[in-house]
Amino acid sequence: MSTKTIVSTTKAAPAAGPYSQATRTEQFVFASGQLPIDPVSGAMPDGIEQQTRQSLANLSAVLEAGGASFASVMKTTVFLKNMNDFAVMNGIYAEFFSDQPPARSTIEVARLPKDALVEIEAIALRTKG
């Protein structure tokens, strides 16, 4: 039987409510949506390009803490404040998932926490520890 373990790292923005940065089982990591908040300064960069990069950097740190990586991601969901930002987000996303990209959904939303422009979540296979 699989057991649930909470995943937490200081290398990504802390959870801003009653949820975990991620949870894991023996096989999977379920990463919560990562906002584009710098874990050191607590600031959010301006613009979709920098926000996408920061969200993906936070996602990478959470996956690593859970024993996974971008290479083992099976599915992502991208939440965009404005679908007009899709092309820019997609270009940056492709830099991080260039080889065998995972399944993905991209959804335009009315509003994100802290008025972010993007939030990205993932489900990945555990490959380490």
# chains A, B, ... in the order shown; residues from 1 in each chain; ligands from 1
$ residues_around --residues "Ile48 of chain A" --least-positions-apart "4" --cutoff "12 Å" --atoms "only C-alpha atoms" --output "number ranges by chain"
A: 35-36, 44, 52-56, 79-93, 115-119
$ closest_atom_pairs --of "segment 4-23 of chain A" --to "segment 121-124 of chain A" --cutoff "10 Å" --atoms "only C-alpha atoms" --output "JSON lines"
{"residue": "A:Gln21", "atom": "CA", "partner": "A:Glu121", "partner_atom": "CA", "distance": 9.9}
{"residue": "A:Ala22", "atom": "CA", "partner": "A:Ala122", "partner_atom": "CA", "distance": 9.3}
{"residue": "A:Thr23", "atom": "CA", "partner": "A:Ile123", "partner_atom": "CA", "distance": 9.9}
$ atom_distance --atom1 "atom CA of Ala16 of chain A" --atom2 "atom CA of Glu108 of chain A"
21.3 Å
$ atom_distance --atom1 "atom CA of Lys4 of chain A" --atom2 "atom CA of Phe30 of chain A"
10.3 Å
$ closest_residue --among "A:Pro113, A:Pro14, A:Pro45, A:Gly66" --to "Phe28 of chain A" --atoms "only C-alpha atoms"
A:Gly66
$ select_by_dssp --residues "chain A" --states "helix (DSSP H, G or I)" --output "JSON, numbers by chain"
{"A": [48, 49, 50, 51, 52, 53, 54, 55, 56, 57, 58, 59, 60, 61, 62, 63, 64, 65, 66, 70, 71, 72, 83, 84, 85, 86, 87, 88, 89, 90, 91, 92, 93, 94, 95, 96, 113, 114, 115]}
$ select_by_dssp --residues "chain A" --states "strand (DSSP E or B)" --output "count of residues only"
35
$ residues_around --residues "Glu64 of chain A" --least-positions-apart "4" --cutoff "10 Å" --atoms "only C-alpha atoms" --output "PyMOL selection string"
chain A and resi 7+9+11+29+58-60+68-70+126-129
$ closest_residue --among "A:Val62, A:Ile6, A:Ala103, A:Val40" --to "Thr76 of chain A" --atoms "only C-alpha atoms"
A:Ala103
$ atom_distance --atom1 "atom CA of Ser32 of chain A" --atom2 "atom CA of Ser98 of chain A"
21.9 Å
